[in-house]
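For reference, input-v4.csv (CSV, C-alpha atoms):
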```csv
chain,number,residue,atom,x,y,z
A,11,MET,CA,-25.5,-10.5,-10.2
A,12,LYS,CA,-21.9,-9.5,-9.6
A,13,LYS,CA,-20.8,-8.4,-6.2
A,14,ARG,CA,-19.7,-4.8,-6.2
A,15,ILE,CA,-16.4,-4.1,-4.4
A,16,LEU,CA,-15.2,-0.6,-3.7
A,17,VAL,CA,-11.4,-0.4,-4.1
A,18,MET,CA,-9.9,2.6,-2.3
A,19,PRO,CA,-6.1,3.3,-2.5
A,20,LEU,CA,-4.5,6.2,-0.7
A,21,ASN,CA,-3.1,8.9,-2.8
A,22,TRP,CA,0.4,9.1,-1.3
A,23,GLY,CA,2.8,8.6,-4.2
A,24,LEU,CA,1.6,6.1,-6.8
A,25,GLY,CA,2.5,2.9,-4.9
A,26,HIS,CA,-0.8,2.3,-3.2
A,27,ALA,CA,-2.7,2.7,-6.5
A,28,THR,CA,-0.3,0.5,-8.6
A,29,ARG,CA,-0.3,-2.4,-6.2
A,30,CYS,CA,-4.1,-2.3,-6.3
A,31,ILE,CA,-3.9,-3.1,-10.1
A,32,PRO,CA,-3.3,-6.9,-9.6
A,33,ILE,CA,-6.1,-6.9,-7.0
A,34,ILE,CA,-8.6,-5.2,-9.4
A,35,ARG,CA,-7.6,-7.6,-12.2
A,36,ALA,CA,-8.2,-10.6,-9.8
A,37,LEU,CA,-11.6,-9.2,-8.8
A,38,ILE,CA,-12.6,-9.0,-12.4
A,39,ALA,CA,-11.3,-12.5,-13.1
A,40,HIS,CA,-13.3,-13.9,-10.2
A,41,HIS,CA,-16.5,-12.2,-11.4
A,42,PHE,CA,-16.7,-9.3,-9.1
A,43,GLU,CA,-17.4,-5.7,-10.2
A,44,PRO,CA,-14.7,-3.3,-8.9
A,45,ILE,CA,-15.5,0.3,-8.4
A,46,ILE,CA,-12.5,2.6,-8.0
A,47,ALA,CA,-12.5,5.5,-5.4
A,48,SER,CA,-9.5,7.7,-4.7
A,49,ASP,CA,-8.2,11.2,-5.5
A,50,GLY,CA,-5.4,13.0,-7.3
A,51,ASP,CA,-2.7,11.1,-9.2
A,52,ALA,CA,-3.8,7.7,-7.7
A,53,LEU,CA,-7.2,8.1,-9.2
A,54,ALA,CA,-5.9,9.4,-12.5
A,55,LEU,CA,-3.6,6.4,-12.8
A,56,LEU,CA,-6.3,3.8,-12.1
A,57,LYS,CA,-8.7,5.5,-14.5
A,58,LYS,CA,-6.1,5.2,-17.2
A,59,GLU,CA,-5.5,1.5,-16.4
A,60,PHE,CA,-9.3,0.7,-16.1
A,61,PRO,CA,-11.2,3.2,-18.2
A,62,HIS,CA,-14.2,0.9,-18.4
A,63,LEU,CA,-14.7,0.8,-14.6
A,64,GLU,CA,-16.8,3.2,-12.6
A,65,SER,CA,-14.7,5.6,-10.6
A,66,LEU,CA,-15.4,8.0,-7.7
A,67,GLU,CA,-13.4,11.0,-6.5
A,68,LEU,CA,-12.7,11.2,-2.7
A,69,PRO,CA,-11.5,14.2,-0.6
A,70,SER,CA,-7.8,14.5,-0.6
A,71,TYR,CA,-5.7,13.9,2.6
A,72,LYS,CA,-3.5,16.7,1.1
A,73,ILE,CA,-0.2,15.1,2.2
A,74,HIS,CA,2.9,17.1,1.4
A,75,TYR,CA,6.5,16.5,2.4
A,76,ALA,CA,8.8,19.1,3.8
A,77,LYS,CA,11.6,20.4,1.6
A,78,LYS,CA,14.2,19.3,4.2
A,79,GLY,CA,14.1,15.7,5.4
A,80,GLN,CA,14.7,16.6,9.0
A,81,TRP,CA,11.3,18.4,9.1
A,82,PHE,CA,9.4,15.5,7.6
A,83,LYS,CA,7.9,14.3,10.9
A,84,LEU,CA,7.1,17.8,12.2
A,85,LYS,CA,5.3,18.5,8.9
A,86,LEU,CA,3.2,15.4,9.3
A,87,ILE,CA,2.4,16.3,13.0
A,88,ALA,CA,1.4,19.8,11.9
A,89,ASN,CA,-0.9,18.3,9.2
A,90,ALA,CA,-2.3,15.7,11.6
A,91,PRO,CA,-5.6,17.6,12.4
A,92,ASN,CA,-6.4,17.9,8.7
A,93,ILE,CA,-5.6,14.3,8.0
A,94,LEU,CA,-7.7,13.1,10.9
A,95,LYS,CA,-10.6,15.3,9.7
A,96,ALA,CA,-10.2,13.9,6.2
A,97,ILE,CA,-10.3,10.3,7.6
A,98,LYS,CA,-13.5,11.1,9.5
A,99,ASN,CA,-15.2,12.7,6.5
A,100,GLU,CA,-14.0,9.8,4.3
A,101,ASN,CA,-15.7,7.3,6.6
A,102,LYS,CA,-19.0,9.2,6.4
A,103,MET,CA,-18.7,9.3,2.6
A,104,VAL,CA,-18.2,5.5,2.5
A,105,ASP,CA,-21.5,4.9,4.1
A,106,GLN,CA,-23.2,7.2,1.5
A,107,ILE,CA,-21.4,5.3,-1.4
A,108,ILE,CA,-22.5,2.0,0.0
A,109,ALA,CA,-26.1,3.1,0.0
A,110,THR,CA,-26.1,4.9,-3.4
A,111,HIS,CA,-23.9,2.3,-5.3
A,112,ASN,CA,-25.1,-1.0,-3.8
A,113,ILE,CA,-21.6,-1.9,-2.5
A,114,ASP,CA,-21.0,-5.4,-1.2
A,115,GLY,CA,-17.5,-5.0,0.2
A,116,ILE,CA,-14.5,-2.6,0.6
A,117,ILE,CA,-10.8,-3.1,-0.1
A,118,SER,CA,-8.8,-0.1,1.2
A,119,ASP,CA,-5.1,0.4,0.6
A,120,ASN,CA,-4.1,2.4,3.5
A,121,ARG,CA,-7.1,4.8,3.4
A,122,LEU,CA,-7.8,4.7,7.1
A,123,GLY,CA,-11.5,5.8,6.9
A,124,ALA,CA,-12.5,3.4,4.1
A,125,TYR,CA,-14.4,0.9,6.3
A,126,SER,CA,-18.0,0.2,7.3
A,127,LYS,CA,-19.9,-2.1,9.6
A,128,LYS,CA,-22.4,-2.5,6.9
A,129,VAL,CA,-20.2,-4.6,4.5
A,130,PRO,CA,-17.0,-6.7,4.9
A,131,SER,CA,-14.1,-4.3,4.9
A,132,VAL,CA,-10.4,-5.1,4.2
A,133,ILE,CA,-7.3,-3.0,4.5
A,134,ILE,CA,-4.1,-3.7,2.5
A,135,SER,CA,-1.1,-2.6,4.5
A,136,HIS,CA,2.5,-3.7,5.0
A,137,GLN,CA,2.8,-1.1,7.8
A,138,LEU,CA,1.8,-3.1,10.9
A,139,ARG,CA,4.6,-1.2,12.5
A,140,VAL,CA,5.0,2.5,11.5
A,141,LEU,CA,8.6,3.7,11.9
A,142,SER,CA,8.9,7.3,13.0
A,143,GLY,CA,12.2,7.4,15.0
A,144,ASN,CA,11.7,7.9,18.7
A,145,THR,CA,7.9,8.1,18.3
A,146,THR,CA,7.6,4.7,16.5
A,147,TRP,CA,5.6,3.3,19.5
A,148,PHE,CA,3.0,6.1,19.1
A,149,SER,CA,2.7,6.1,15.3
A,150,THR,CA,2.4,2.3,15.3
A,151,ARG,CA,-0.3,2.4,18.0
A,152,MET,CA,-2.3,5.0,16.1
A,153,HIS,CA,-2.0,3.1,12.8
A,154,GLN,CA,-3.0,-0.2,14.4
A,155,SER,CA,-6.0,1.4,16.0
A,156,TYR,CA,-7.3,2.2,12.5
A,157,ILE,CA,-6.4,-1.2,11.0
A,158,LYS,CA,-8.4,-2.9,13.8
A,159,LYS,CA,-11.6,-1.3,12.6
A,160,TYR,CA,-11.5,-3.6,9.5
A,161,ASN,CA,-12.5,-7.2,9.3
A,162,GLU,CA,-9.1,-8.3,7.9
A,163,CYS,CA,-5.7,-6.9,7.0
A,164,TRP,CA,-4.0,-8.2,3.9
A,165,VAL,CA,-0.2,-7.9,4.1
A,166,PRO,CA,1.5,-7.8,0.7
A,167,ASP,CA,4.6,-9.9,1.8
A,168,SER,CA,5.6,-13.4,2.8
A,169,LEU,CA,4.8,-14.5,6.3
A,170,LYS,CA,8.2,-16.1,6.9
A,171,SER,CA,11.7,-15.4,5.8
A,172,PRO,CA,12.8,-14.5,3.2
A,173,ASN,CA,10.5,-11.4,3.1
A,174,LEU,CA,10.7,-7.8,1.9
A,175,SER,CA,9.1,-5.7,4.6
A,176,GLY,CA,11.0,-7.0,7.7
A,177,GLN,CA,9.8,-5.6,10.9
A,178,LEU,CA,7.3,-3.3,9.1
A,179,GLY,CA,5.0,-6.2,8.1
A,180,HIS,CA,5.6,-8.7,10.9
A,181,VAL,CA,4.3,-8.3,14.5
A,182,ASP,CA,3.4,-10.7,17.3
A,183,ASN,CA,-0.4,-11.1,17.9
A,184,PHE,CA,-3.0,-9.0,16.3
A,185,GLU,CA,-6.7,-8.4,17.1
A,186,ILE,CA,-8.0,-9.0,13.5
A,187,PRO,CA,-7.0,-11.7,11.0
A,188,LEU,CA,-3.8,-11.0,9.1
A,189,ARG,CA,-3.6,-12.6,5.6
A,190,TYR,CA,-0.2,-12.6,4.0
A,191,LEU,CA,-0.5,-12.4,0.2
A,192,GLY,CA,3.2,-12.6,-0.6
A,193,PRO,CA,4.8,-9.7,-2.5
A,194,ILE,CA,2.2,-8.6,-5.1
A,195,SER,CA,3.0,-6.8,-8.4
A,196,ARG,CA,1.2,-5.7,-11.5
A,197,PHE,CA,4.2,-7.1,-13.5
A,198,GLU,CA,5.3,-10.5,-14.8
A,199,LYS,CA,8.9,-11.5,-15.5
A,200,GLN,CA,9.8,-12.2,-19.1
A,201,ASP,CA,12.9,-12.5,-21.2
A,202,SER,CA,14.0,-9.2,-22.8
A,203,LYS,CA,17.1,-7.7,-24.3
A,204,ASP,CA,18.5,-4.5,-22.7
A,205,VAL,CA,17.7,-1.3,-24.6
A,206,TYR,CA,18.6,1.2,-21.9
A,207,ASP,CA,21.7,1.3,-19.6
A,208,ILE,CA,19.7,3.1,-16.9
A,209,MET,CA,16.1,3.7,-16.0
A,210,VAL,CA,15.2,6.5,-13.6
A,211,LEU,CA,11.8,5.9,-12.1
A,212,LEU,CA,10.4,8.7,-9.9
A,213,SER,CA,7.2,8.9,-7.8
A,214,GLY,CA,6.0,10.2,-4.5
A,215,PRO,CA,4.5,13.4,-3.1
A,216,GLU,CA,5.9,16.9,-3.7
A,217,PRO,CA,8.2,18.7,-3.2
A,218,GLN,CA,10.7,15.8,-2.9
A,219,ARG,CA,9.7,14.2,-6.2
A,220,SER,CA,10.6,17.5,-8.1
A,221,LEU,CA,13.8,18.0,-6.1
A,222,LEU,CA,15.1,14.6,-7.0
A,223,GLU,CA,14.0,15.1,-10.6
A,224,GLU,CA,16.0,18.3,-10.9
A,225,LYS,CA,19.1,16.7,-9.4
A,226,VAL,CA,19.0,13.6,-11.5
A,227,LEU,CA,18.3,15.4,-14.8
A,228,ALA,CA,21.3,17.7,-14.2
A,229,LEU,CA,23.5,14.7,-13.6
A,230,PHE,CA,22.4,12.6,-16.5
A,231,LYS,CA,21.8,15.2,-19.3
A,232,ASP,CA,25.3,15.1,-20.8
A,233,GLN,CA,26.1,11.5,-20.1
A,234,PRO,CA,26.8,8.9,-22.9
A,235,THR,CA,24.8,6.3,-21.1
A,236,LYS,CA,21.4,5.5,-22.8
A,237,THR,CA,18.9,6.5,-20.2
A,238,VAL,CA,15.1,6.5,-19.9
A,239,PHE,CA,13.6,8.8,-17.4
A,240,ILE,CA,10.0,8.5,-16.0
A,241,LYS,CA,9.0,11.5,-14.0
A,242,GLY,CA,5.9,10.0,-12.3
A,243,VAL,CA,3.7,12.9,-13.1
A,244,MET,CA,0.1,11.9,-14.1
A,245,ASP,CA,-0.8,14.5,-16.7
A,246,ALA,CA,-3.9,14.3,-18.9
A,247,GLU,CA,-1.8,13.1,-21.9
A,248,GLN,CA,1.5,11.2,-22.1
A,249,SER,CA,4.5,13.3,-23.2
A,250,CYS,CA,8.0,12.2,-24.5
A,251,GLU,CA,11.0,14.3,-25.2
A,252,GLN,CA,14.7,13.6,-26.0
A,253,MET,CA,17.5,15.3,-24.1
A,254,GLY,CA,20.9,14.0,-25.4
A,255,ASN,CA,21.0,10.3,-24.7
A,256,MET,CA,18.0,10.6,-22.3
A,257,THR,CA,14.4,9.8,-23.3
A,258,ILE,CA,12.0,11.5,-20.8
A,259,TYR,CA,8.4,10.5,-20.2
A,260,ASN,CA,6.0,12.2,-17.8
A,261,TYR,CA,4.4,8.8,-17.1
A,262,MET,CA,3.9,5.3,-18.6
A,263,SER,CA,1.0,2.9,-18.6
A,264,SER,CA,1.6,-0.4,-16.7
A,265,ASP,CA,2.2,-2.4,-19.9
A,266,GLN,CA,4.7,0.2,-21.2
A,267,LEU,CA,6.4,0.5,-17.9
A,268,GLU,CA,6.7,-3.2,-17.5
A,269,ALA,CA,8.3,-3.6,-20.9
A,270,THR,CA,10.7,-0.7,-20.3
A,271,ILE,CA,11.9,-2.0,-16.9
A,272,HIS,CA,12.6,-5.3,-18.6
A,273,GLN,CA,14.6,-3.5,-21.2
A,274,SER,CA,16.7,-1.6,-18.6
A,275,SER,CA,19.9,-2.9,-17.1
A,276,LEU,CA,19.7,-0.8,-13.9
A,277,ILE,CA,16.8,0.9,-12.2
A,278,VAL,CA,17.4,4.1,-10.1
A,279,SER,CA,14.4,4.9,-7.9
A,280,ARG,CA,12.9,5.6,-4.5
A,281,SER,CA,12.8,2.7,-2.1
A,282,GLY,CA,9.0,2.7,-1.7
A,283,TYR,CA,7.6,-0.7,-0.8
A,284,THR,CA,5.6,-1.1,-4.0
A,285,THR,CA,8.7,-0.4,-6.1
A,286,VAL,CA,10.7,-2.9,-4.1
A,287,MET,CA,7.9,-5.5,-4.8
A,288,ASP,CA,7.8,-4.7,-8.5
A,289,LEU,CA,11.6,-4.9,-9.0
A,290,ALA,CA,11.8,-8.1,-6.9
A,291,LYS,CA,9.1,-9.7,-9.2
A,292,LEU,CA,11.2,-8.8,-12.2
A,293,GLY,CA,14.5,-9.7,-10.7
A,294,LYS,CA,16.2,-6.4,-11.4
A,295,LYS,CA,19.4,-4.7,-10.3
A,296,ALA,CA,18.6,-1.4,-8.6
A,297,PHE,CA,20.0,1.6,-6.8
A,298,PHE,CA,17.7,3.3,-4.2
A,299,ILE,CA,17.5,6.9,-3.1
A,300,PRO,CA,15.1,7.0,-0.1
A,301,THR,CA,12.8,10.0,0.2
A,302,PRO,CA,14.5,12.3,2.8
A,303,GLY,CA,12.9,11.9,6.3
A,304,GLN,CA,10.7,9.0,5.3
A,305,PHE,CA,11.7,6.4,7.9
A,306,GLU,CA,10.0,3.5,6.1
A,307,GLN,CA,11.9,4.1,2.9
A,308,GLU,CA,15.2,4.6,4.8
A,309,TYR,CA,14.6,1.4,6.7
A,310,LEU,CA,13.9,-0.7,3.5
A,311,ALA,CA,16.9,0.8,1.7
A,312,LYS,CA,19.3,0.1,4.7
A,313,ARG,CA,17.8,-3.5,5.1
A,314,LEU,CA,18.3,-4.4,1.4
A,315,ASP,CA,21.8,-2.9,1.4
A,316,SER,CA,22.8,-4.9,4.5
A,317,GLN,CA,21.5,-8.1,2.8
A,318,ASN,CA,23.8,-7.2,-0.2
A,319,LEU,CA,20.9,-7.0,-2.5
A,320,VAL,CA,20.6,-3.3,-3.4
A,321,PRO,CA,22.9,-0.3,-2.6
A,322,TYR,CA,21.5,3.1,-1.6
A,323,CYS,CA,22.6,6.6,-0.6
A,324,LYS,CA,21.0,9.7,0.8
A,325,GLN,CA,19.5,12.1,-1.8
A,326,ASP,CA,22.1,14.8,-1.0
A,327,ASP,CA,24.9,12.3,-1.6
A,328,PHE,CA,23.7,10.9,-4.9
A,329,SER,CA,26.2,11.1,-7.8
A,330,LEU,CA,26.9,9.1,-10.9
A,331,GLU,CA,29.9,7.5,-9.1
A,332,GLN,CA,27.5,6.0,-6.6
A,333,LEU,CA,26.1,3.7,-9.3
A,334,GLN,CA,29.4,1.9,-9.7
A,335,ARG,CA,28.6,0.2,-6.3
A,336,VAL,CA,25.8,-1.8,-8.0
A,337,ASN,CA,28.2,-4.4,-9.4
A,338,ALA,CA,29.0,-5.7,-5.9
A,339,TYR,CA,25.4,-6.4,-5.1
A,340,GLN,CA,23.2,-9.4,-6.0
A,341,GLY,CA,20.1,-7.6,-7.1
A,342,LEU,CA,16.5,-8.4,-6.2
A,343,SER,CA,14.8,-11.7,-7.0
A,344,ASP,CA,11.2,-13.0,-7.1
A,345,LEU,CA,10.0,-14.7,-3.9
A,346,GLU,CA,7.6,-16.8,-6.0
A,347,TYR,CA,4.5,-16.6,-3.8
A,348,ASP,CA,1.1,-17.5,-5.4
A,349,VAL,CA,-2.0,-15.7,-4.1
A,350,ASN,CA,-5.1,-17.8,-3.6
A,351,TYR,CA,-7.6,-15.1,-4.7
A,352,LYS,CA,-10.6,-17.4,-4.6
A,353,LYS,CA,-10.0,-18.0,-0.9
A,354,LEU,CA,-9.1,-14.4,-0.2
A,355,PHE,CA,-12.3,-13.0,-1.8
A,356,SER,CA,-14.5,-15.5,0.0
A,357,LEU,CA,-15.0,-12.8,2.6
A,358,PHE,CA,-17.2,-10.9,0.2
A,359,LYS,CA,-19.4,-13.9,-0.7
A,360,GLY,CA,-21.3,-13.9,2.5
A,361,LYS,CA,-23.6,-11.0,2.0
```
If you took the structure in this file and wrote it as structure tokens, what would it be?
Amino acid sequence: MKKRILVMPLNWGLGHATRCIPIIRALIAHHFEPIIASDGDALALLKKEFPHLESLELPSYKIHYAKKGQWFKLKLIANAPNILKAIKNENKMVDQIIATHNIDGIISDNRLGAYSKKVPSVIISHQLRVLSGNTTWFSTRMHQSYIKKYNECWVPDSLKSPNLSGQLGHVDNFEIPLRYLGPISRFEKQDSKDVYDIMVLLSGPEPQRSLLEEKVLALFKDQPTKTVFIKGVMDAEQSCEQMGNMTIYNYMSSDQLEATIHQSSLIVSRSGYTTVMDLAKLGKKAFFIPTPGQFEQEYLAKRLDSQNLVPYCKQDDFSLEQLQRVNAYQGLSDLEYDVNYKKLFSLFKGK
């Protein structure tokens, strides 16, 4: 009988869900039975990717960004009581799911209540250090206190240099085992001819996703460059429309998105960690616009810029002229790190 593994990504943008795709595929390949549990767009995306798998809806953390980046941290602090309550309720629900669905193990991607003492529980996180400005020490301590409730933490990055997460995913000493997977991606690099000059790839919580969408659409709508625009909105059905030289989709499946990234000369996107991993896997040139006020995305964008890999600018400063800077940068490249999934999944064999 196949071991049943509950896979639970956080619904904060689409990155946590999309980087679970290679994990779910590997579970299936190694004769486990994954069960998906999440909420909102993250759940919708994984249901489209794996329609044959059982899926469960969890309570939402109801994470929203401030309209102004400088209020991002205060907005999160104000929402903290609701988030902590959601984590507590989530943990209670996990034990119910284990009992009713005969669960043999849990893989959480940053869902902080998705653990149990009844079965082996793993958290996937590149945030061993959580940047929050002058409160980094506190946010890191709080996040680590939740990570330590799990049996293991899987870090989607290389242990040594070169790596993608820098200080986010590398700390000295930790109370539970850290297993470095290397950068993971749902994509595979392949040869392809360019069809589009630019791909705009959006994601992330509101209202910042919509604010950037409005700005970029206004800038590109009358341009001669051939552009494909993916809004990152998980509607019930896919839509596609033409606006001048711009082809606009609400979302794409993994296979379609992979092919389109290959066919695009330049990717304009947020500097979310999963996006960085995907573009590194495919060896793409990129331009990053960090989500205003999100310290992690700002850190990653600045780090890659300082390494002369990918340029970036603030959302308010973005213009078409900024894209000309790309020519002076190397672009991202694959770190070529093979994951030993058989060894990784051995944790779940013991029950």
Find the spatial neighbours of stretch 126-137 of chain A, counting only C-alpha atoms, within a cut-off of 6 Å - ignore same-chain residues fewer than 3 positions away - and output them as an mmCIF file with C-alpha atoms, keeping the file's coordinate frame.
```cif
data_model
loop_
_atom_site.group_PDB
_atom_site.id
_atom_site.type_symbol
_atom_site.label_atom_id
_atom_site.label_comp_id
_atom_site.auth_asym_id
_atom_site.auth_seq_id
_atom_site.Cartn_x
_atom_site.Cartn_y
_atom_site.Cartn_z
ATOM 1 C CA ASP A 114 -21.000 -5.400 -1.200
ATOM 2 C CA GLY A 115 -17.500 -5.000 0.200
ATOM 3 C CA ILE A 116 -14.500 -2.600 0.600
ATOM 4 C CA ILE A 117 -10.800 -3.100 -0.100
ATOM 5 C CA SER A 118 -8.800 -0.100 1.200
ATOM 6 C CA ASP A 119 -5.100 0.400 0.600
ATOM 7 C CA ASN A 120 -4.100 2.400 3.500
ATOM 8 C CA VAL A 140 5.000 2.500 11.500
ATOM 9 C CA TYR A 160 -11.500 -3.600 9.500
ATOM 10 C CA ASN A 161 -12.500 -7.200 9.300
ATOM 11 C CA GLU A 162 -9.100 -8.300 7.900
ATOM 12 C CA CYS A 163 -5.700 -6.900 7.000
ATOM 13 C CA TRP A 164 -4.000 -8.200 3.900
ATOM 14 C CA VAL A 165 -0.200 -7.900 4.100
ATOM 15 C CA LEU A 178 7.300 -3.300 9.100
ATOM 16 C CA GLY A 179 5.000 -6.200 8.100
#
```
From the options A:Val17, A:Ile93, A:Leu53, A:Leu138, which residue's atoms come nearest to A:Glu306, counting only C-alpha atoms?
A:Leu138
Using Å and a single decimal, report how far atom CA of A:Ala36 sits from atom CA of A:Phe60.
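Between atom CA of A:Phe60 and atom CA of A:Ala36 the gap is 13.0 Å.
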Set the distance at 12 Å and use only C-alpha atoms: which residues neighbour A:Val226 once local chain neighbours fewer than 3 positions away are removed? I'd like the list as number ranges by chain.
A: 208-212, 219-223, 229-233, 237-241, 256, 258, 278-279, 299, 325-330
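From atom CA of A:Ile46 back to atom CA of A:Val104, the distance works out to 12.3 Å.
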Can you pull out every residue within 12 Å of stretch 312-318 of chain A, counting all atoms listed in the file, but drop anything in the same chain fewer than 2 positions away, and send it as a PDB file with C-alpha atoms, in the coordinates of the input?
```
ATOM      1  CA  PRO A 172      12.800 -14.500   3.200  1.00  0.00           C
ATOM      2  CA  ASN A 173      10.500 -11.400   3.100  1.00  0.00           C
ATOM      3  CA  LEU A 174      10.700  -7.800   1.900  1.00  0.00           C
ATOM      4  CA  SER A 175       9.100  -5.700   4.600  1.00  0.00           C
ATOM      5  CA  GLY A 176      11.000  -7.000   7.700  1.00  0.00           C
ATOM      6  CA  GLN A 177       9.800  -5.600  10.900  1.00  0.00           C
ATOM      7  CA  LEU A 178       7.300  -3.300   9.100  1.00  0.00           C
ATOM      8  CA  SER A 281      12.800   2.700  -2.100  1.00  0.00           C
ATOM      9  CA  TYR A 283       7.600  -0.700  -0.800  1.00  0.00           C
ATOM     10  CA  VAL A 286      10.700  -2.900  -4.100  1.00  0.00           C
ATOM     11  CA  ALA A 290      11.800  -8.100  -6.900  1.00  0.00           C
ATOM     12  CA  LYS A 295      19.400  -4.700 -10.300  1.00  0.00           C
ATOM     13  CA  ALA A 296      18.600  -1.400  -8.600  1.00  0.00           C
ATOM     14  CA  PHE A 297      20.000   1.600  -6.800  1.00  0.00           C
ATOM     15  CA  PHE A 298      17.700   3.300  -4.200  1.00  0.00           C
ATOM     16  CA  ILE A 299      17.500   6.900  -3.100  1.00  0.00           C
ATOM     17  CA  PRO A 300      15.100   7.000  -0.100  1.00  0.00           C
ATOM     18  CA  PHE A 305      11.700   6.400   7.900  1.00  0.00           C
ATOM     19  CA  GLU A 306      10.000   3.500   6.100  1.00  0.00           C
ATOM     20  CA  GLN A 307      11.900   4.100   2.900  1.00  0.00           C
ATOM     21  CA  GLU A 308      15.200   4.600   4.800  1.00  0.00           C
ATOM     22  CA  TYR A 309      14.600   1.400   6.700  1.00  0.00           C
ATOM     23  CA  LEU A 310      13.900  -0.700   3.500  1.00  0.00           C
ATOM     24  CA  VAL A 320      20.600  -3.300  -3.400  1.00  0.00           C
ATOM     25  CA  PRO A 321      22.900  -0.300  -2.600  1.00  0.00           C
ATOM     26  CA  TYR A 322      21.500   3.100  -1.600  1.00  0.00           C
ATOM     27  CA  CYS A 323      22.600   6.600  -0.600  1.00  0.00           C
ATOM     28  CA  LYS A 324      21.000   9.700   0.800  1.00  0.00           C
ATOM     29  CA  ARG A 335      28.600   0.200  -6.300  1.00  0.00           C
ATOM     30  CA  VAL A 336      25.800  -1.800  -8.000  1.00  0.00           C
ATOM     31  CA  ASN A 337      28.200  -4.400  -9.400  1.00  0.00           C
ATOM     32  CA  ALA A 338      29.000  -5.700  -5.900  1.00  0.00           C
ATOM     33  CA  TYR A 339      25.400  -6.400  -5.100  1.00  0.00           C
ATOM     34  CA  GLN A 340      23.200  -9.400  -6.000  1.00  0.00           C
ATOM     35  CA  GLY A 341      20.100  -7.600  -7.100  1.00  0.00           C
ATOM     36  CA  LEU A 342      16.500  -8.400  -6.200  1.00  0.00           C
ATOM     37  CA  SER A 343      14.800 -11.700  -7.000  1.00  0.00           C
TER      38      SER A 343
END
```
Given the choices A:Ile157, A:Pro19, A:Leu191, A:Glu216, which gets closest to A:Leu354 if the distance is worked out from only C-alpha atoms?
A:Leu191
At what distance in Å, to one decimal, does atom CA of A:Lys13 lie from atom CA of A:Lys359?
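These atoms are spaced 7.9 Å apart.
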Just want the 12 Å neighbourhood of A:Leu267, counted on only C-alpha atoms, with same-chain residues fewer than 2 positions away dropped. Output as a list in words.
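The contact residues come out as Thr28, Arg196, Phe197, Glu198, Met209, Val210, Leu211, Val238, Phe239, Ile240, Lys241, Gly242, Tyr259, Asn260, Tyr261, Met262, Ser263, Ser264, Asp265, Ala269, Thr270, Ile271, His272, Gln273, Ser274, Ile277, Asp288, Leu289 and Leu292 of chain A.
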Exercise: residues within 8 Å of coordinate (0.7, 6.2, 4.1), counting all atoms listed in the file, as a count of residues only:
4
Which one of A:Ile15, A:Ser275, A:Pro44, A:Gly282 sits closest to A:Leu56 if you count all atoms listed in the file?
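Among the listed residues, A:Pro44 lies closest to A:Leu56.
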Selection near A:Ala54, 12 Å with only C-alpha atoms, sequence-local residues under 3 positions removed, as a PyMOL selection string:
chain A and resi 19+21+24+27-28+46-51+57-61+65-67+242-247+261+263
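Closest approach to A:Val205 from the set A:His26, A:Lys95, A:Lys352, A:Lys236 is made by A:Lys236, with distances taken over all atoms listed in the file.
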For A:Ser70, the nearest of the candidates A:Asn99, A:Asn112, A:Thr235, A:Thr257, counting all atoms listed in the file
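So, comparing all the options, the nearest one is A:Asn99.
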